[in-house]
file entry18.cif (mmCIF, C-alpha atoms)
data_input
loop_
_atom_site.label_atom_id
_atom_site.label_comp_id
_atom_site.auth_asym_id
_atom_site.auth_seq_id
_atom_site.Cartn_x
_atom_site.Cartn_y
_atom_site.Cartn_z
CA MET A 16 -49.87 -4.38 -113.87
CA ASN A 17 -46.33 -4.71 -115.00
CA ILE A 18 -45.35 -8.37 -115.15
CA ASN A 19 -41.85 -9.35 -116.02
CA VAL A 20 -42.08 -12.55 -118.09
CA LEU A 21 -39.04 -13.95 -116.35
CA ASP A 22 -40.80 -13.59 -113.02
CA SER A 23 -44.02 -15.30 -114.05
CA PRO A 24 -44.98 -18.63 -112.43
CA ASP A 25 -44.76 -20.48 -115.74
CA ALA A 26 -41.24 -19.22 -116.27
CA TRP A 27 -40.37 -20.22 -112.70
CA LEU A 28 -41.71 -23.68 -113.37
CA ASP A 29 -39.64 -24.04 -116.53
CA GLU A 30 -36.53 -22.49 -115.10
CA HIS A 31 -36.53 -23.80 -111.53
CA GLY A 32 -39.13 -26.59 -111.42
CA ALA A 33 -36.63 -29.41 -111.85
CA ALA A 34 -34.31 -28.09 -109.16
CA LEU A 35 -37.19 -27.49 -106.74
CA TYR A 36 -38.52 -30.98 -107.40
CA LYS A 37 -35.12 -32.56 -106.90
CA TYR A 38 -34.64 -30.70 -103.64
CA ALA A 39 -38.12 -31.63 -102.44
CA LEU A 40 -37.60 -35.28 -103.38
CA LEU A 41 -34.29 -35.36 -101.54
CA HIS A 42 -36.07 -34.41 -98.33
CA THR A 43 -39.52 -35.99 -98.64
CA ARG A 44 -38.39 -39.17 -100.48
CA ASP A 45 -41.86 -39.31 -101.94
CA GLU A 46 -42.82 -38.27 -105.47
CA HIS A 47 -46.33 -37.14 -104.55
CA LYS A 48 -45.14 -35.09 -101.61
CA ALA A 49 -42.35 -33.58 -103.68
CA GLU A 50 -44.80 -32.57 -106.38
CA GLU A 51 -47.18 -31.12 -103.81
CA ALA A 52 -44.36 -29.16 -102.18
CA VAL A 53 -43.27 -27.69 -105.52
CA GLN A 54 -46.83 -26.75 -106.40
CA GLU A 55 -47.44 -25.11 -103.01
CA THR A 56 -44.14 -23.28 -103.33
CA LEU A 57 -44.99 -21.81 -106.72
CA LEU A 58 -48.49 -20.84 -105.61
CA ALA A 59 -47.06 -19.13 -102.54
CA ALA A 60 -44.46 -17.45 -104.72
CA LEU A 61 -47.19 -16.21 -107.02
CA GLN A 62 -49.08 -14.68 -104.12
CA ALA A 63 -45.95 -13.10 -102.69
CA ARG A 64 -44.60 -11.99 -106.04
CA ASP A 65 -44.77 -8.32 -105.13
CA ARG A 66 -42.45 -8.94 -102.22
CA PHE A 67 -39.83 -10.59 -104.39
CA SER A 68 -37.07 -8.10 -105.04
CA GLY A 69 -35.86 -8.98 -108.50
CA GLY A 70 -32.32 -8.38 -107.33
CA ALA A 71 -32.00 -11.61 -105.36
CA SER A 72 -31.84 -14.82 -107.32
CA ALA A 73 -35.28 -16.26 -107.97
CA ARG A 74 -33.86 -19.75 -107.34
CA THR A 75 -32.67 -18.81 -103.86
CA TRP A 76 -35.98 -17.14 -103.08
CA LEU A 77 -37.99 -20.15 -104.29
CA ILE A 78 -35.79 -22.64 -102.42
CA GLY A 79 -36.37 -20.56 -99.28
CA ILE A 80 -40.14 -20.89 -99.70
CA LEU A 81 -39.78 -24.59 -100.49
CA LYS A 82 -37.86 -25.21 -97.26
CA HIS A 83 -40.77 -23.73 -95.30
CA LYS A 84 -43.26 -25.88 -97.20
CA ILE A 85 -41.25 -29.04 -96.50
CA MET A 86 -41.00 -28.16 -92.81
CA ASP A 87 -44.79 -27.55 -92.76
CA MET A 88 -45.36 -31.02 -94.19
CA PHE A 89 -43.08 -32.65 -91.64
CA ARG A 90 -44.73 -30.77 -88.79
CA HIS A 91 -48.12 -31.89 -90.01
CA ASP A 92 -46.92 -35.51 -90.39
CA ALA A 93 -45.42 -35.47 -86.90
CA ARG A 94 -48.78 -34.39 -85.44
CA VAL A 95 -50.74 -36.96 -87.41
CA VAL A 96 -48.43 -39.78 -86.33
CA GLN A 97 -48.68 -38.75 -82.69
CA LEU A 98 -52.46 -38.62 -82.83
CA GLU A 99 -53.11 -41.73 -84.84
CA ASP A 100 -50.54 -44.25 -83.86
CA PRO A 101 -48.38 -43.83 -80.78
CA ASP A 102 -46.67 -47.17 -81.47
CA ASP A 103 -45.38 -45.77 -84.70
CA LEU A 104 -43.12 -43.52 -82.69
CA GLU A 105 -41.25 -46.48 -81.33
CA ASP A 106 -38.17 -45.98 -83.43
CA LEU A 107 -37.89 -42.48 -81.99
CA ASP A 108 -38.21 -43.68 -78.43
CA VAL A 109 -34.56 -43.43 -77.63
CA ASP A 110 -34.54 -44.51 -74.03
CA THR A 111 -36.32 -47.83 -74.24
CA HIS A 112 -35.31 -49.03 -77.64
CA PRO A 113 -32.07 -50.98 -77.95
CA HIS A 114 -30.29 -50.13 -81.13
CA ALA A 115 -27.81 -51.41 -83.64
CA THR A 116 -25.28 -48.78 -82.60
CA ASP A 117 -24.81 -50.71 -79.36
CA ALA A 118 -23.37 -53.57 -81.38
CA MET A 119 -20.54 -51.36 -82.58
CA PHE A 120 -19.09 -51.18 -79.09
CA ALA A 121 -17.72 -53.93 -76.86
CA SER A 122 -19.15 -54.26 -73.36
CA ASP A 123 -16.30 -52.14 -71.99
CA GLY A 124 -17.36 -49.24 -74.26
CA HIS A 125 -14.51 -49.52 -76.74
CA TRP A 126 -14.99 -49.94 -80.48
CA GLN A 127 -15.67 -53.52 -81.44
CA ASN A 128 -13.19 -53.15 -84.32
CA ARG A 129 -10.57 -50.51 -84.95
CA LEU A 130 -11.99 -47.85 -87.29
CA SER A 131 -10.48 -47.68 -90.74
CA ASP A 132 -8.71 -44.65 -92.14
CA TRP A 133 -10.77 -42.89 -94.82
CA GLY A 134 -7.80 -41.06 -96.22
CA ASN A 135 -7.78 -37.55 -97.60
CA PRO A 136 -11.19 -35.87 -97.09
CA GLU A 137 -10.84 -33.25 -99.84
CA GLU A 138 -10.00 -35.95 -102.34
CA LEU A 139 -13.01 -38.00 -101.27
CA LEU A 140 -15.42 -35.10 -101.69
CA GLU A 141 -14.24 -34.43 -105.19
CA ARG A 142 -15.13 -37.90 -106.35
CA GLY A 143 -18.64 -38.23 -107.68
CA GLN A 144 -18.74 -41.82 -106.57
CA PHE A 145 -18.46 -40.92 -102.90
CA MET A 146 -21.45 -38.58 -103.21
CA ALA A 147 -23.45 -41.29 -105.01
CA ILE A 148 -22.74 -43.78 -102.23
CA LEU A 149 -23.59 -41.12 -99.64
CA GLN A 150 -26.98 -40.70 -101.31
CA ARG A 151 -27.60 -44.46 -101.32
CA CYS A 152 -26.60 -44.73 -97.67
CA LEU A 153 -29.04 -41.93 -96.75
CA ASP A 154 -31.78 -43.82 -98.58
CA VAL A 155 -31.37 -46.86 -96.34
CA LEU A 156 -31.56 -45.00 -93.02
CA PRO A 157 -34.90 -45.55 -91.21
CA PRO A 158 -37.34 -42.95 -92.65
CA ARG A 159 -38.02 -40.81 -89.60
CA LEU A 160 -34.39 -40.86 -88.53
CA ALA A 161 -33.36 -39.86 -92.04
CA ARG A 162 -35.88 -37.02 -92.09
CA LEU A 163 -34.49 -35.44 -88.93
CA PHE A 164 -30.94 -36.01 -90.01
CA MET A 165 -31.55 -34.44 -93.43
CA LEU A 166 -33.24 -31.43 -91.87
CA ARG A 167 -30.22 -30.90 -89.68
CA GLU A 168 -27.40 -31.70 -92.08
CA VAL A 169 -28.65 -31.14 -95.60
CA MET A 170 -31.15 -28.33 -95.05
CA GLU A 171 -28.86 -26.99 -92.30
CA GLU A 172 -31.76 -26.18 -90.03
CA ASN A 173 -30.61 -25.45 -86.47
CA SER A 174 -31.30 -27.81 -83.57
CA GLU A 175 -33.59 -25.38 -81.72
CA THR A 176 -35.87 -24.91 -84.72
CA ILE A 177 -36.13 -28.65 -85.37
CA CYS A 178 -36.99 -29.33 -81.73
CA GLN A 179 -39.66 -26.62 -81.74
CA GLU A 180 -41.20 -27.52 -85.07
CA LEU A 181 -41.29 -31.27 -84.49
CA ALA A 182 -41.95 -31.09 -80.75
CA ILE A 183 -39.01 -33.16 -79.53
CA THR A 184 -36.51 -32.51 -76.77
CA PRO A 185 -32.90 -31.54 -77.54
CA THR A 186 -31.61 -34.69 -75.82
CA ASN A 187 -33.90 -36.79 -77.97
CA LEU A 188 -32.75 -35.00 -81.11
CA TRP A 189 -29.07 -35.40 -80.23
CA THR A 190 -29.51 -39.12 -79.63
CA MET A 191 -31.25 -39.55 -82.96
CA LEU A 192 -28.63 -37.55 -84.81
CA TYR A 193 -25.97 -39.70 -83.14
CA ARG A 194 -27.66 -42.85 -84.37
CA ALA A 195 -28.05 -41.50 -87.85
CA ARG A 196 -24.37 -40.48 -87.93
CA LEU A 197 -23.20 -43.89 -86.74
CA GLY A 198 -25.47 -45.66 -89.20
CA LEU A 199 -24.35 -43.50 -92.09
CA ARG A 200 -20.70 -43.86 -91.12
CA GLN A 201 -20.99 -47.61 -91.05
CA CYS A 202 -22.71 -47.71 -94.43
CA LEU A 203 -20.08 -45.45 -95.98
CA ASP A 204 -17.33 -47.48 -94.41
CA ARG A 205 -18.65 -50.72 -95.86
CA ASN A 206 -19.55 -49.42 -99.29
CA TRP A 207 -17.07 -46.70 -100.03
CA VAL A 208 -13.97 -47.51 -98.06
CA GLY A 209 -14.29 -51.23 -98.72
CA HIS A 210 -14.59 -50.41 -102.40
CA ALA A 211 -11.67 -48.00 -102.38
CA VAL A 212 -9.38 -50.49 -100.67
CA THR A 213 -10.33 -53.23 -103.12
CA ALA A 214 -9.72 -50.88 -106.04
CA ALA A 215 -6.30 -49.89 -104.70
CA ARG A 216 -5.25 -53.54 -104.45
CA ARG A 217 -6.05 -54.28 -108.08
CA MET B 27 -11.81 -41.95 -68.11
CA LEU B 28 -13.98 -41.74 -71.22
CA THR B 29 -14.78 -44.86 -73.20
CA CYS B 30 -14.92 -44.76 -77.02
CA LYS B 31 -18.69 -44.87 -76.75
CA ASP B 32 -18.69 -41.75 -74.52
CA ALA B 33 -16.20 -40.05 -76.81
CA SER B 34 -18.28 -40.78 -79.93
CA HIS B 35 -21.35 -39.26 -78.23
CA LEU B 36 -19.39 -36.13 -77.34
CA ILE B 37 -17.98 -35.83 -80.86
CA SER B 38 -21.49 -36.05 -82.30
CA GLU B 39 -22.90 -33.60 -79.74
CA SER B 40 -20.10 -31.13 -80.36
CA GLN B 41 -21.83 -30.58 -83.72
CA GLU B 42 -25.00 -29.59 -81.83
CA ARG B 43 -23.89 -27.67 -78.75
CA PRO B 44 -20.74 -26.21 -77.23
CA LEU B 45 -19.13 -28.82 -74.98
CA GLY B 46 -18.38 -27.93 -71.37
CA PHE B 47 -14.84 -27.46 -70.12
CA TRP B 48 -14.48 -30.94 -68.61
CA GLU B 49 -16.14 -32.57 -71.56
CA ARG B 50 -13.63 -30.95 -73.88
CA TRP B 51 -10.77 -31.86 -71.59
CA GLY B 52 -11.88 -35.50 -71.30
CA LEU B 53 -12.39 -35.77 -75.03
CA LYS B 54 -8.99 -34.26 -75.75
CA MET B 55 -7.30 -36.77 -73.46
CA HIS B 56 -9.18 -39.63 -75.03
CA LEU B 57 -8.42 -38.54 -78.60
CA TRP B 58 -4.75 -38.19 -77.72
CA MET B 59 -4.63 -41.91 -76.98
CA CYS B 60 -7.22 -43.37 -79.32
CA VAL B 61 -6.62 -43.65 -83.05
CA SER B 62 -10.12 -44.99 -83.79
CA CYS B 63 -11.83 -42.02 -82.17
CA ARG B 64 -9.51 -39.60 -83.96
CA ARG B 65 -10.61 -41.22 -87.20
CA PHE B 66 -14.23 -41.10 -86.08
CA GLU B 67 -13.94 -37.37 -85.43
CA ARG B 68 -12.46 -36.72 -88.88
CA GLN B 69 -15.14 -38.88 -90.48
CA MET B 70 -17.92 -36.93 -88.72
CA THR B 71 -16.46 -33.66 -90.03
CA LEU B 72 -16.19 -35.10 -93.51
CA MET B 73 -19.78 -36.38 -93.42
CA ARG B 74 -21.08 -32.99 -92.40
CA GLN B 75 -19.17 -31.33 -95.27
CA ALA B 76 -20.40 -33.90 -97.77
CA LEU B 77 -24.04 -33.61 -96.65
CA ARG B 78 -23.97 -29.83 -96.92
CA MET B 79 -22.50 -30.17 -100.36
CA LEU B 80 -25.36 -32.50 -101.27
CA GLY B 81 -27.89 -29.84 -100.26
CA LYS B 82 -26.07 -27.04 -102.09
CA ARG B 83 -25.81 -29.13 -105.24
CA ALA B 84 -29.51 -29.94 -105.16
CA GLU B 85 -30.24 -26.22 -104.94
CA VAL B 86 -28.23 -25.21 -107.98
CA ASP B 87 -28.66 -28.31 -110.12
CA ALA B 88 -30.81 -27.53 -113.16
CA ASP B 89 -30.79 -31.06 -114.54
CA SER B 90 -34.40 -31.66 -115.55
CA SER B 91 -34.19 -35.42 -116.11
CA GLY B 92 -35.58 -36.24 -112.67
CA PHE B 93 -38.67 -34.06 -113.00
CA PRO B 94 -41.53 -36.08 -114.52
CA PRO B 95 -43.22 -34.13 -117.36
CA GLU B 96 -46.66 -35.22 -116.05
CA ALA B 97 -45.89 -33.65 -112.67
CA ARG B 98 -44.77 -30.49 -114.40
CA GLU B 99 -48.02 -30.31 -116.38
CA ARG B 100 -50.18 -30.92 -113.31
CA ILE B 101 -48.41 -28.10 -111.53
CA ARG B 102 -48.76 -25.83 -114.56
CA LYS B 103 -52.51 -26.49 -114.57
CA ALA B 104 -52.84 -25.86 -110.84
CA LEU B 105 -50.97 -22.58 -111.19
CA ALA B 106 -53.28 -21.49 -114.01
CA GLU B 107 -56.41 -22.48 -112.07
CA ARG B 108 -55.57 -21.39 -108.57
CA GLY B 109 -53.13 -18.63 -109.34
CA GLY B 110 -54.65 -17.21 -112.50
CA HIS B 111 -57.03 -14.74 -110.94
CA GLU B 112 -55.23 -12.34 -108.73
CA ASP B 113 -56.94 -10.38 -106.03
#
call {"tool": "encode", "arguments": {"input": "entry18.cif", "output": "structure tokens"}}
result
Amino acid sequence: MNINVLDSPDAWLDEHGAALYKYALLHTRDEHKAEEAVQETLLAALQARDRFSGGASARTWLIGILKHKIMDMFRHDARVVQLEDPDDLEDLDVDTHPHATDAMFASDGHWQNRLSDWGNPEELLERGQFMAILQRCLDVLPPRLARLFMLREVMEENSETICQELAITPTNLWTMLYRARLGLRQCLDRNWVGHAVTAARR
Amino acid sequence: MLTCKDASHLISESQERPLGFWERWGLKMHLWMCVSCRRFERQMTLMRQALRMLGKRAEVDADSSGFPPEARERIRKALAERGGHED
């Protein structure tokens, strides 16, 4: 058998392990799960090695497998939660659960306070600090809300797939994404924009 | 007439599904008058861009500082044990 050293699992681990782990940690937020996902990915890659066309980047190929492994974990978790503890789903029960986003609007449906101007988007994205605050704000979203939101926005999975895999309705998904977006916006507004304005005044 | 709350829902949902004709029309009218919702819309676009960037960066980032050496060794061992003998 003709094995290219660069395409051996050990080489993958050395070359791509850190990136795979970082990606897995970003989504699972759990060191054990991240490690498990990386391990499963490399084992799957090993078994499917013959199907890997050396032309494509190994990183891209491995990340593709990793995404499937992460989705598998989430699907499994979603089933376990539903079976074991229905109450645990409460924060996903969008119709009966009043939420903090309500507090952002006055009773007439208008914003409680006028929204601040975030300035030039391109400029914001170039600053490392904005991305660091974005990461911190993601970390404080409620776990299950964050998981869905990350699948949609960071992994760029489409709505239909998420609904199918995690057995939720589109309306439910949209409401949760809305909450996550409002929560994240508020966190960014407080921590980034507040900071930027203070810095500008100095 | 749309409220800001309605408008913010539509802006968020426009990232998930195509809005209907009247939804688009109502939203356009609202945005024309409402500076907060115009800002909200821009902020939602910016957030989506930033989050995608976060994912892309995680994919290409080769910085190994966050990968615990013990985890790496455990994986190496598992690969040798479970992947060593090929069918």
call {"tool": "residues_around", "arguments": {"input": "entry18.cif", "residues": "B:Gly92", "least_positions_apart": "3", "cutoff": "9 Å", "atoms": "all atoms listed in the file", "output": "ChimeraX atom specification"}}
result
/A:33-34,36-37 /B:89
call {"tool": "residues_around", "arguments": {"input": "entry18.cif", "residues": "B:Ser40", "least_positions_apart": "6", "cutoff": "12 Å", "atoms": "only C-alpha atoms", "output": "JSON list (two decimals) with C-alpha atoms, in the coordinates of the input"}}
result
[["chain", "number", "residue", "atom", "x", "y", "z"],
["A", 189, "TRP", "CA", -29.07, -35.40, -80.23],
["A", 192, "LEU", "CA", -28.63, -37.55, -84.81],
["A", 193, "TYR", "CA", -25.97, -39.70, -83.14],
["B", 33, "ALA", "CA", -16.20, -40.05, -76.81],
["B", 34, "SER", "CA", -18.28, -40.78, -79.93],
["B", 46, "GLY", "CA", -18.38, -27.93, -71.37],
["B", 49, "GLU", "CA", -16.14, -32.57, -71.56],
["B", 50, "ARG", "CA", -13.63, -30.95, -73.88],
["B", 53, "LEU", "CA", -12.39, -35.77, -75.03],
["B", 67, "GLU", "CA", -13.94, -37.37, -85.43],
["B", 70, "MET", "CA", -17.92, -36.93, -88.72],
["B", 71, "THR", "CA", -16.46, -33.66, -90.03]]
call {"tool": "residues_around", "arguments": {"input": "entry18.cif", "residues": "A:Met86", "least_positions_apart": "2", "cutoff": "9 Å", "atoms": "all atoms listed in the file", "output": "PyMOL selection string"}}
result
chain A and resi 81-84+88-91+166+177+180-181
call {"tool": "resolve_selection", "arguments": {"input": "entry18.cif", "expression": "the PyMOL selection byres ((chain A) within 8 of (chain B))", "output": "PyMOL selection string"}}
result
chain A and resi 24-25+28+30-38+50+53-54+57-58+61-62+74-75+78+120+123-126+129-133+136+140+146+168-171+174+189+192-193+196+200
call {"tool": "atom_distance", "arguments": {"input": "entry18.cif", "atom1": "atom CA of A:Met165", "atom2": "atom CA of A:Gly134"}}
result
24.8 Å
call {"tool": "atom_distance", "arguments": {"input": "entry18.cif", "atom1": "atom CA of A:Arg64", "atom2": "atom CA of A:Asp29"}}
result
16.7 Å
call {"tool": "atom_distance", "arguments": {"input": "entry18.cif", "atom1": "atom CA of A:Leu149", "atom2": "atom CA of A:Leu197"}}
result
13.2 Å
call {"tool": "residues_near_point", "arguments": {"input": "entry18.cif", "point": "(-40.8, -35.8, -97.5)", "cutoff": "10 Å", "atoms": "all atoms listed in the file", "output": "compact mmCIF listing (two decimals) with C-alpha atoms, in the coordinates of the input"}}
result
# COMPACT_ATOMS: atom_id res chain seq x y z
CA ALA A 39 -38.12 -31.63 -102.44
CA LEU A 40 -37.60 -35.28 -103.38
CA LEU A 41 -34.29 -35.36 -101.54
CA HIS A 42 -36.07 -34.41 -98.33
CA THR A 43 -39.52 -35.99 -98.64
CA ARG A 44 -38.39 -39.17 -100.48
CA ASP A 45 -41.86 -39.31 -101.94
CA GLU A 46 -42.82 -38.27 -105.47
CA HIS A 47 -46.33 -37.14 -104.55
CA LYS A 48 -45.14 -35.09 -101.61
CA ALA A 49 -42.35 -33.58 -103.68
CA ALA A 52 -44.36 -29.16 -102.18
CA ILE A 85 -41.25 -29.04 -96.50
CA MET A 86 -41.00 -28.16 -92.81
CA MET A 88 -45.36 -31.02 -94.19
CA PHE A 89 -43.08 -32.65 -91.64
CA ASP A 92 -46.92 -35.51 -90.39
CA PRO A 158 -37.34 -42.95 -92.65
CA ARG A 159 -38.02 -40.81 -89.60
CA ARG A 162 -35.88 -37.02 -92.09
call {"tool": "closest_residue", "arguments": {"input": "entry18.cif", "among": "A:Met191, A:Asp154, A:Asp87, A:Gly198", "to": "A:Glu51", "atoms": "all atoms listed in the file"}}
result
A:Asp87
